[in-house]
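Engineer: For reference, this is run23.pdb, and it has PDB, C-alpha atoms.
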```
ATOM      1  CA  MET A 477      -8.532  11.841 -28.641
ATOM      2  CA  LYS A 478      -4.923  11.916 -27.491
ATOM      3  CA  PRO A 479      -3.733   8.703 -25.852
ATOM      4  CA  GLY A 480      -4.363   9.218 -22.177
ATOM      5  CA  GLY A 481      -6.420  12.318 -22.878
ATOM      6  CA  ARG A 482      -9.320  13.087 -20.586
ATOM      7  CA  ASN A 483     -12.220  15.443 -20.689
ATOM      8  CA  VAL A 484     -11.104  18.535 -18.833
ATOM      9  CA  ILE A 485     -13.344  20.885 -20.791
ATOM     10  CA  GLY A 486     -16.844  19.632 -20.192
ATOM     11  CA  ASN A 487     -19.542  22.248 -19.807
ATOM     12  CA  GLN A 488     -17.048  25.126 -19.987
ATOM     13  CA  ILE A 489     -17.119  25.065 -23.796
ATOM     14  CA  LYS A 490     -19.731  27.388 -25.262
ATOM     15  CA  LEU A 491     -18.160  28.079 -28.645
ATOM     16  CA  LEU A 492     -16.491  25.902 -31.265
ATOM     17  CA  ILE A 493     -14.481  27.603 -34.015
ATOM     18  CA  PHE A 494     -13.946  25.291 -36.994
ATOM     19  CA  ASP A 495     -11.503  25.418 -39.836
ATOM     20  CA  PHE A 496     -13.220  24.573 -43.129
ATOM     21  CA  ASP A 497     -10.898  22.903 -45.652
ATOM     22  CA  GLY A 498      -9.798  19.508 -44.371
ATOM     23  CA  THR A 499     -11.903  19.778 -41.221
ATOM     24  CA  LEU A 500     -15.501  20.156 -42.409
ATOM     25  CA  GLY A 501     -15.178  20.000 -46.199
ATOM     26  CA  ASP A 502     -13.150  17.415 -48.100
ATOM     27  CA  THR A 503     -11.774  19.880 -50.629
ATOM     28  CA  ARG A 504      -8.238  18.540 -51.032
ATOM     29  CA  GLY A 505      -8.737  17.088 -54.531
ATOM     30  CA  THR A 506     -10.332  20.249 -55.894
ATOM     31  CA  ILE A 507      -7.712  22.494 -54.306
ATOM     32  CA  VAL A 508      -4.672  20.481 -55.424
ATOM     33  CA  THR A 509      -5.979  20.059 -58.977
ATOM     34  CA  THR A 510      -6.740  23.774 -59.187
ATOM     35  CA  MET A 511      -3.275  24.690 -57.908
ATOM     36  CA  GLN A 512      -1.609  22.472 -60.487
ATOM     37  CA  MET A 513      -3.797  23.806 -63.295
ATOM     38  CA  THR A 514      -2.938  27.357 -62.202
ATOM     39  CA  ILE A 515       0.781  26.579 -62.148
ATOM     40  CA  ALA A 516       0.600  24.999 -65.608
ATOM     41  CA  GLU A 517      -1.412  27.861 -67.113
ATOM     42  CA  LEU A 518       1.105  30.416 -65.868
ATOM     43  CA  GLY A 519       4.103  28.352 -66.984
ATOM     44  CA  LEU A 520       5.599  27.988 -63.509
ATOM     45  CA  PRO A 521       7.690  24.958 -62.439
ATOM     46  CA  GLY A 522       5.509  21.993 -61.526
ATOM     47  CA  ARG A 523       4.765  21.096 -57.922
ATOM     48  CA  SER A 524       3.695  17.711 -56.545
ATOM     49  CA  ASP A 525       0.357  16.858 -54.966
ATOM     50  CA  ALA A 526       2.075  16.757 -51.581
ATOM     51  CA  ASP A 527       3.715  20.146 -52.122
ATOM     52  CA  CYS A 528       0.381  21.734 -52.992
ATOM     53  CA  ALA A 529      -1.524  20.017 -50.167
ATOM     54  CA  SER A 530       1.060  21.151 -47.613
ATOM     55  CA  THR A 531      -0.001  24.778 -48.159
ATOM     56  CA  ILE A 532      -3.715  24.195 -47.500
ATOM     57  CA  GLY A 533      -4.779  26.329 -44.567
ATOM     58  CA  LEU A 534      -2.708  29.330 -45.577
ATOM     59  CA  PRO A 535      -4.277  32.358 -47.270
ATOM     60  CA  LEU A 536      -4.243  31.870 -51.036
ATOM     61  CA  ASP A 537      -1.396  34.307 -51.665
ATOM     62  CA  GLY A 538       0.547  32.576 -48.886
ATOM     63  CA  CYS A 539       0.078  29.237 -50.647
ATOM     64  CA  PHE A 540       1.761  30.465 -53.793
ATOM     65  CA  GLU A 541       4.433  32.349 -51.863
ATOM     66  CA  ALA A 542       5.274  29.087 -50.088
ATOM     67  CA  LEU A 543       5.370  27.148 -53.368
ATOM     68  CA  PHE A 544       7.364  29.838 -55.207
ATOM     69  CA  PRO A 545       9.274  31.889 -52.622
ATOM     70  CA  SER A 546      11.404  33.685 -55.197
ATOM     71  CA  VAL A 547       8.650  35.089 -57.419
ATOM     72  CA  GLY A 548       7.417  38.632 -57.014
ATOM     73  CA  LYS A 549       4.105  39.967 -55.762
ATOM     74  CA  GLU A 550       2.770  40.477 -59.283
ATOM     75  CA  THR A 551       3.229  36.799 -60.111
ATOM     76  CA  VAL A 552       1.586  35.817 -56.840
ATOM     77  CA  ARG A 553      -1.352  38.082 -57.699
ATOM     78  CA  ARG A 554      -1.673  36.436 -61.101
ATOM     79  CA  CYS A 555      -1.610  33.050 -59.397
ATOM     80  CA  THR A 556      -4.399  33.947 -56.986
ATOM     81  CA  ASP A 557      -6.580  35.500 -59.697
ATOM     82  CA  THR A 558      -6.088  32.498 -61.965
ATOM     83  CA  TYR A 559      -6.693  30.057 -59.126
ATOM     84  CA  ARG A 560     -10.019  31.652 -58.163
ATOM     85  CA  ARG A 561     -11.261  31.495 -61.754
ATOM     86  CA  ILE A 562     -10.241  27.865 -62.248
ATOM     87  CA  PHE A 563     -11.561  26.828 -58.837
ATOM     88  CA  GLN A 564     -15.027  28.107 -59.688
ATOM     89  CA  GLU A 565     -14.876  26.232 -62.990
ATOM     90  CA  ASN A 566     -13.685  23.030 -61.299
ATOM     91  CA  LEU A 567     -16.540  23.134 -58.794
ATOM     92  CA  GLN A 568     -18.873  22.176 -61.634
ATOM     93  CA  SER A 569     -17.235  18.755 -62.012
ATOM     94  CA  MET A 570     -15.315  18.294 -58.752
ATOM     95  CA  LYS A 571     -17.855  19.093 -56.079
ATOM     96  CA  PRO A 572     -16.451  18.843 -52.525
ATOM     97  CA  GLN A 573     -18.276  16.816 -49.886
ATOM     98  CA  VAL A 574     -18.443  17.077 -46.126
ATOM     99  CA  PHE A 575     -16.462  14.493 -44.213
ATOM    100  CA  ALA A 576     -18.314  11.535 -42.704
ATOM    101  CA  GLY A 577     -20.154  12.462 -39.524
ATOM    102  CA  VAL A 578     -19.905  16.224 -39.952
ATOM    103  CA  LYS A 579     -23.605  17.013 -40.213
ATOM    104  CA  GLU A 580     -24.555  14.645 -37.406
ATOM    105  CA  THR A 581     -21.865  16.061 -35.119
ATOM    106  CA  LEU A 582     -22.758  19.673 -35.850
ATOM    107  CA  SER A 583     -26.399  18.893 -35.150
ATOM    108  CA  ALA A 584     -25.561  17.212 -31.843
ATOM    109  CA  LEU A 585     -23.364  20.127 -30.766
ATOM    110  CA  LYS A 586     -26.141  22.595 -31.557
ATOM    111  CA  GLU A 587     -28.574  20.497 -29.543
ATOM    112  CA  ARG A 588     -26.200  20.763 -26.590
ATOM    113  CA  GLY A 589     -26.363  24.545 -26.838
ATOM    114  CA  CYS A 590     -22.946  25.145 -28.380
ATOM    115  CA  MET A 591     -22.369  28.078 -30.696
ATOM    116  CA  LEU A 592     -20.625  27.072 -33.923
ATOM    117  CA  THR A 593     -18.514  29.314 -36.160
ATOM    118  CA  ILE A 594     -15.875  28.993 -38.885
ATOM    119  CA  ALA A 595     -12.479  30.706 -39.202
ATOM    120  CA  SER A 596     -11.026  29.937 -42.621
ATOM    121  CA  SER A 597      -8.221  31.101 -44.900
ATOM    122  CA  ARG A 598     -10.751  30.881 -47.727
ATOM    123  CA  TRP A 599     -12.362  34.107 -48.926
ATOM    124  CA  HIS A 600     -15.644  34.947 -47.198
ATOM    125  CA  GLN A 601     -17.816  34.670 -50.306
ATOM    126  CA  SER A 602     -16.346  31.289 -51.204
ATOM    127  CA  LEU A 603     -16.975  30.120 -47.639
ATOM    128  CA  LEU A 604     -20.583  31.267 -47.837
ATOM    129  CA  GLU A 605     -21.139  29.445 -51.109
ATOM    130  CA  LEU A 606     -19.465  26.195 -50.079
ATOM    131  CA  THR A 607     -21.202  25.901 -46.704
ATOM    132  CA  ARG A 608     -24.511  26.564 -48.450
ATOM    133  CA  ASP A 609     -23.847  24.037 -51.211
ATOM    134  CA  LEU A 610     -22.765  21.394 -48.691
ATOM    135  CA  GLY A 611     -25.911  21.900 -46.629
ATOM    136  CA  ILE A 612     -24.194  23.040 -43.431
ATOM    137  CA  ALA A 613     -24.590  26.836 -43.553
ATOM    138  CA  GLY A 614     -27.472  26.780 -41.086
ATOM    139  CA  TYR A 615     -25.341  25.374 -38.292
ATOM    140  CA  PHE A 616     -23.021  28.380 -38.121
ATOM    141  CA  SER A 617     -23.607  31.708 -36.413
ATOM    142  CA  TYR A 618     -20.533  33.507 -37.687
ATOM    143  CA  LEU A 619     -17.953  33.136 -40.459
ATOM    144  CA  VAL A 620     -14.495  34.671 -40.754
ATOM    145  CA  GLY A 621     -12.681  34.503 -44.086
ATOM    146  CA  ALA A 622      -9.180  35.614 -45.016
ATOM    147  CA  ASP A 623     -10.543  38.894 -46.382
ATOM    148  CA  ASP A 624     -12.258  39.648 -43.053
ATOM    149  CA  VAL A 625      -8.989  40.082 -41.159
ATOM    150  CA  GLU A 626      -5.708  41.933 -41.568
ATOM    151  CA  LYS A 627      -3.637  39.005 -40.296
ATOM    152  CA  ALA A 628      -4.650  35.470 -41.257
ATOM    153  CA  LYS A 629      -3.686  32.124 -39.737
ATOM    154  CA  PRO A 630      -1.544  31.313 -37.841
ATOM    155  CA  HIS A 631      -2.056  34.781 -36.326
ATOM    156  CA  PRO A 632      -4.812  34.685 -33.664
ATOM    157  CA  GLU A 633      -6.807  37.560 -35.204
ATOM    158  CA  PRO A 634      -9.502  35.317 -36.789
ATOM    159  CA  VAL A 635     -10.205  33.732 -33.400
ATOM    160  CA  LEU A 636     -10.021  37.016 -31.501
ATOM    161  CA  LYS A 637     -12.450  38.575 -33.978
ATOM    162  CA  THR A 638     -14.828  35.646 -33.505
ATOM    163  CA  LEU A 639     -14.638  35.795 -29.699
ATOM    164  CA  SER A 640     -15.423  39.508 -29.779
ATOM    165  CA  ALA A 641     -18.361  39.050 -32.153
ATOM    166  CA  MET A 642     -19.825  36.144 -30.175
ATOM    167  CA  GLY A 643     -19.181  37.616 -26.724
ATOM    168  CA  VAL A 644     -17.420  34.483 -25.482
ATOM    169  CA  SER A 645     -14.121  34.207 -23.624
ATOM    170  CA  ALA A 646     -11.175  32.233 -24.996
ATOM    171  CA  SER A 647     -11.378  29.856 -22.021
ATOM    172  CA  GLN A 648     -14.877  28.846 -23.131
ATOM    173  CA  SER A 649     -13.830  28.179 -26.730
ATOM    174  CA  LEU A 650     -12.391  25.282 -28.715
ATOM    175  CA  VAL A 651     -10.658  25.717 -32.086
ATOM    176  CA  VAL A 652     -10.892  22.645 -34.338
ATOM    177  CA  GLY A 653      -8.658  22.212 -37.379
ATOM    178  CA  ASP A 654      -6.510  19.846 -39.412
ATOM    179  CA  MET A 655      -3.361  21.954 -39.819
ATOM    180  CA  SER A 656      -0.735  23.343 -37.468
ATOM    181  CA  VAL A 657      -1.757  26.889 -38.436
ATOM    182  CA  ASP A 658      -5.194  26.228 -36.918
ATOM    183  CA  ILE A 659      -3.687  25.036 -33.651
ATOM    184  CA  LEU A 660      -1.258  27.953 -33.464
ATOM    185  CA  MET A 661      -4.061  30.405 -34.238
ATOM    186  CA  GLY A 662      -6.244  29.050 -31.442
ATOM    187  CA  ALA A 663      -3.451  28.806 -28.901
ATOM    188  CA  GLY A 664      -2.323  32.339 -29.692
ATOM    189  CA  ALA A 665      -5.790  33.570 -28.778
ATOM    190  CA  GLY A 666      -5.815  31.577 -25.537
ATOM    191  CA  ALA A 667      -8.423  29.043 -26.684
ATOM    192  CA  LYS A 668      -8.303  25.268 -26.311
ATOM    193  CA  THR A 669      -7.410  23.457 -29.518
ATOM    194  CA  CYS A 670      -8.314  20.168 -31.177
ATOM    195  CA  GLY A 671      -6.496  18.735 -34.177
ATOM    196  CA  VAL A 672      -8.135  16.277 -36.579
ATOM    197  CA  THR A 673      -6.065  13.659 -38.391
ATOM    198  CA  TYR A 674      -8.445  12.860 -41.262
ATOM    199  CA  GLY A 675      -7.697  16.089 -43.152
ATOM    200  CA  ASN A 676      -4.563  17.502 -44.748
ATOM    201  CA  GLY A 677      -2.223  17.759 -41.764
ATOM    202  CA  LYS A 678      -0.151  15.100 -40.048
ATOM    203  CA  ARG A 679      -0.526  13.959 -36.459
ATOM    204  CA  ASN A 680       3.069  14.814 -35.541
ATOM    205  CA  GLU A 681       2.583  18.359 -36.905
ATOM    206  CA  LEU A 682      -0.526  18.815 -34.771
ATOM    207  CA  GLU A 683       1.321  17.491 -31.722
ATOM    208  CA  GLU A 684       4.293  19.770 -32.337
ATOM    209  CA  ALA A 685       1.926  22.740 -32.649
ATOM    210  CA  GLY A 686       0.639  21.923 -29.155
ATOM    211  CA  ALA A 687      -2.915  20.683 -29.799
ATOM    212  CA  ASP A 688      -4.774  20.010 -26.538
ATOM    213  CA  TYR A 689      -6.689  17.208 -28.232
ATOM    214  CA  ILE A 690      -6.178  15.116 -31.345
ATOM    215  CA  ILE A 691      -9.053  13.087 -32.805
ATOM    216  CA  GLN A 692      -9.423  10.679 -35.710
ATOM    217  CA  ARG A 693     -13.154  11.254 -36.311
ATOM    218  CA  ILE A 694     -15.173  14.426 -35.971
ATOM    219  CA  ASP A 695     -17.801  12.736 -33.792
ATOM    220  CA  GLN A 696     -15.130  12.369 -31.101
ATOM    221  CA  LEU A 697     -15.725  16.061 -30.405
ATOM    222  CA  LEU A 698     -18.807  14.901 -28.529
ATOM    223  CA  GLU A 699     -16.524  13.125 -26.062
ATOM    224  CA  ILE A 700     -14.589  16.334 -25.467
ATOM    225  CA  VAL A 701     -17.527  18.717 -25.282
ATOM    226  CA  SER A 702     -19.603  16.768 -22.794
ATOM    227  CA  VAL A 703     -23.208  17.343 -21.852
TER     228      VAL A 703
END
```
Written as structure tokens, that's how I'd like the structure from this file.

Structural biologist:
Amino acid sequence: MKPGGRNVIGNQIKLLIFDFDGTLGDTRGTIVTTMQMTIAELGLPGRSDADCASTIGLPLDGCFEALFPSVGKETVRRCTDTYRRIFQENLQSMKPQVFAGVKETLSALKERGCMLTIASSRWHQSLLELTRDLGIAGYFSYLVGADDVEKAKPHPEPVLKTLSAMGVSASQSLVVGDMSVDILMGAGAGAKTCGVTYGNGKRNELEEAGADYIIQRIDQLLEIVSV
């Protein structure tokens, strides 16, 4: 939690809205490798691991637009199509894992009566498959992927859509993510926000985005969402 942070949420929280990549699933290696393989296959200028990782959390087309701001929409489309094909191939040998403590924390939150959902920049079908393969699909009541909304992160639409579907107010919700786009998305919808430092983002970026809480381990959520 933030230095000096205190539990001001308590029983008010009914709904937690999680990011997926870098928050629940440790997918960085698969994503970065797939990006670099895509770039190489299409003959684009190389990008570093750090460059590729810095785009995680954006919709896939936004990732390639950020890496190659001067290319046209057709090249971006080719990048996204190629990426999706290679990603599925890479999953056979580079299977992502959940971060330490994820399953135990999700279970404890469910036991406390919290509703759990995911708002991700990943496509809905990919989100379905990964949560199933990682053994965490059963914890979640609702999933929002990039193709489920018109405006993806950092726009608040994914959170607003979730709040409407779950019938919960923003004041009773906590958005949890590892990137500034997650924090901005949650804050834009009026929800409380919690940044995690074990994923792809940096602590100072989460602070600058205005995260209400910052934690180093996912089980620290249990200190924020008290019984």

Engineer: Determine the residue set returned by the PyMOL selection byres ((chain A and resi 499-512) around 6) for the present structure, and present it as an MDAnalysis selection string.

Structural biologist: chainID A and resid 495:498 513:515 528 563 572:575 653:654 675

Engineer: Which residues, written as a list in words, have at least one atom at most 8 Å from Asn676 (chain A), with all atoms listed in the file counted and residues fewer than 2 positions away on the same chain left out?

Structural biologist: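 Listing them by chain and then by number gives Gly498, Arg504, Ala529, Ser530, Ile532, Asp654, Met655, Thr673, Tyr674 and Lys678 of chain A.
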
Engineer: Can I get the selection written as a JSON list (two decimals), in the frame of the given file, with C-alpha atoms?

Structural biologist:
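again.json, freshly written:
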```json
[["chain", "number", "residue", "atom", "x", "y", "z"],
["A", 498, "GLY", "CA", -9.80, 19.51, -44.37],
["A", 504, "ARG", "CA", -8.24, 18.54, -51.03],
["A", 529, "ALA", "CA", -1.52, 20.02, -50.17],
["A", 530, "SER", "CA", 1.06, 21.15, -47.61],
["A", 532, "ILE", "CA", -3.72, 24.20, -47.50],
["A", 654, "ASP", "CA", -6.51, 19.85, -39.41],
["A", 655, "MET", "CA", -3.36, 21.95, -39.82],
["A", 673, "THR", "CA", -6.06, 13.66, -38.39],
["A", 674, "TYR", "CA", -8.44, 12.86, -41.26],
["A", 678, "LYS", "CA", -0.15, 15.10, -40.05]]
```

Engineer: What does the structure give for the distance between CA of Gln692 (chain A) and CA of Arg679 (chain A), in Å to one decimal?

Structural biologist: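 Value for the CA of Gln692 (chain A)-CA of Arg679 (chain A) distance: 9.5 Å.
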
Engineer: What residues come out when you apply the PyMOL selection byres ((chain A and resi 615) around 12) to this file, written as a ChimeraX atom specification?

Structural biologist: /A:492-494,500,578-587,589-594,607-608,610-614,616-619

Engineer: Applied to this file, what does the PyMOL selection byres ((chain A and resi 635) around 9) return in terms of residues, put as number ranges by chain?

Structural biologist: A: 493, 595, 620, 631-634, 636-640, 646, 651, 661-662, 664-665, 667

Engineer: Just write the chosen residues, C-alpha atoms, as a PDB file, in the coordinates of the input.

Structural biologist:
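The resulting out_20.pdb:
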```
ATOM      1  CA  ILE A 493     -14.481  27.603 -34.015  1.00  0.00           C
ATOM      2  CA  ALA A 595     -12.479  30.706 -39.202  1.00  0.00           C
ATOM      3  CA  VAL A 620     -14.495  34.671 -40.754  1.00  0.00           C
ATOM      4  CA  HIS A 631      -2.056  34.781 -36.326  1.00  0.00           C
ATOM      5  CA  PRO A 632      -4.812  34.685 -33.664  1.00  0.00           C
ATOM      6  CA  GLU A 633      -6.807  37.560 -35.204  1.00  0.00           C
ATOM      7  CA  PRO A 634      -9.502  35.317 -36.789  1.00  0.00           C
ATOM      8  CA  LEU A 636     -10.021  37.016 -31.501  1.00  0.00           C
ATOM      9  CA  LYS A 637     -12.450  38.575 -33.978  1.00  0.00           C
ATOM     10  CA  THR A 638     -14.828  35.646 -33.505  1.00  0.00           C
ATOM     11  CA  LEU A 639     -14.638  35.795 -29.699  1.00  0.00           C
ATOM     12  CA  SER A 640     -15.423  39.508 -29.779  1.00  0.00           C
ATOM     13  CA  ALA A 646     -11.175  32.233 -24.996  1.00  0.00           C
ATOM     14  CA  VAL A 651     -10.658  25.717 -32.086  1.00  0.00           C
ATOM     15  CA  MET A 661      -4.061  30.405 -34.238  1.00  0.00           C
ATOM     16  CA  GLY A 662      -6.244  29.050 -31.442  1.00  0.00           C
ATOM     17  CA  GLY A 664      -2.323  32.339 -29.692  1.00  0.00           C
ATOM     18  CA  ALA A 665      -5.790  33.570 -28.778  1.00  0.00           C
ATOM     19  CA  ALA A 667      -8.423  29.043 -26.684  1.00  0.00           C
TER      20      ALA A 667
END
```

Engineer: Report, in Å with one decimal, the straight-line distance from CA of Val644 (chain A) to CA of Lys668 (chain A).

Structural biologist: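 Rounded to one decimal, the two atoms are 13.0 Å apart.
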
Engineer: Quick one: of A:Ser596, A:Glu699, A:Gly671, A:Glu517, who's nearest to Arg561 (chain A), counting only C-alpha atoms?

Structural biologist: A:Glu517

Engineer: Quick one: everything within 9 Å of Glu683 (chain A), counting all atoms listed in the file, minus sequence neighbours fewer than 6 positions away in the same chain. Send it as a ChimeraX atom specification.

Structural biologist: /A:656,671,689-690

Engineer: Write a file of the just-selected residues containing C-alpha atoms, as a compact mmCIF listing (two decimals), in the coordinates of the input.

Structural biologist:
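File again-v4.txt, as written:
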```txt
# COMPACT_ATOMS: atom_id res chain seq x y z
CA SER A 656 -0.74 23.34 -37.47
CA GLY A 671 -6.50 18.74 -34.18
CA TYR A 689 -6.69 17.21 -28.23
CA ILE A 690 -6.18 15.12 -31.34
```

Engineer: Between CA of Leu536 (chain A) and CA of Thr556 (chain A), what is the distance, to one decimal in Å?

Structural biologist: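 Pair CA of Leu536 (chain A) / CA of Thr556 (chain A) returns 6.3 Å.
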
Engineer: Could you check the closest approach to Gln488 (chain A) for each of A:Asp688, A:Gln648, A:Arg693, A:Leu660 and tell me which residue wins, using only C-alpha atoms?

Structural biologist: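 Ranking A:Asp688, A:Gln648, A:Arg693, A:Leu660 by distance to Gln488 (chain A), first place goes to A:Gln648.
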
Engineer: Counting all atoms listed in the file, figure out which residue out of A:Thr531, A:Ser702, A:Thr558, A:Asn680 gets nearest to Lys629 (chain A).

Structural biologist: A:Thr531

Engineer: Output, as JSON, the centre and edge lengths in Å (one decimal) of the axis-aligned box that contains all listed atoms of region 514-519 of chain A with 4 Å of margin on each side.

Structural biologist:
```
{"center_x": 0.6, "center_y": 27.7, "center_z": -64.6, "size_x": 15.0, "size_y": 13.4, "size_z": 13.0}
```

Engineer: Identify which of the residues A:Leu491, A:Ile694, A:Asp525, A:Cys555 lies closest to Arg588 (chain A), counting only C-alpha atoms when measuring atom-to-atom distances.

Structural biologist: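 Closest candidate: A:Leu491.
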
Engineer: I need the residue nearest Pro535 (chain A) from this list: A:Val652, A:Met570, A:Val552, A:Ile700. Use only C-alpha atoms for the distance.

Structural biologist: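 Selected residue with least distance to Pro535 (chain A): A:Val552.
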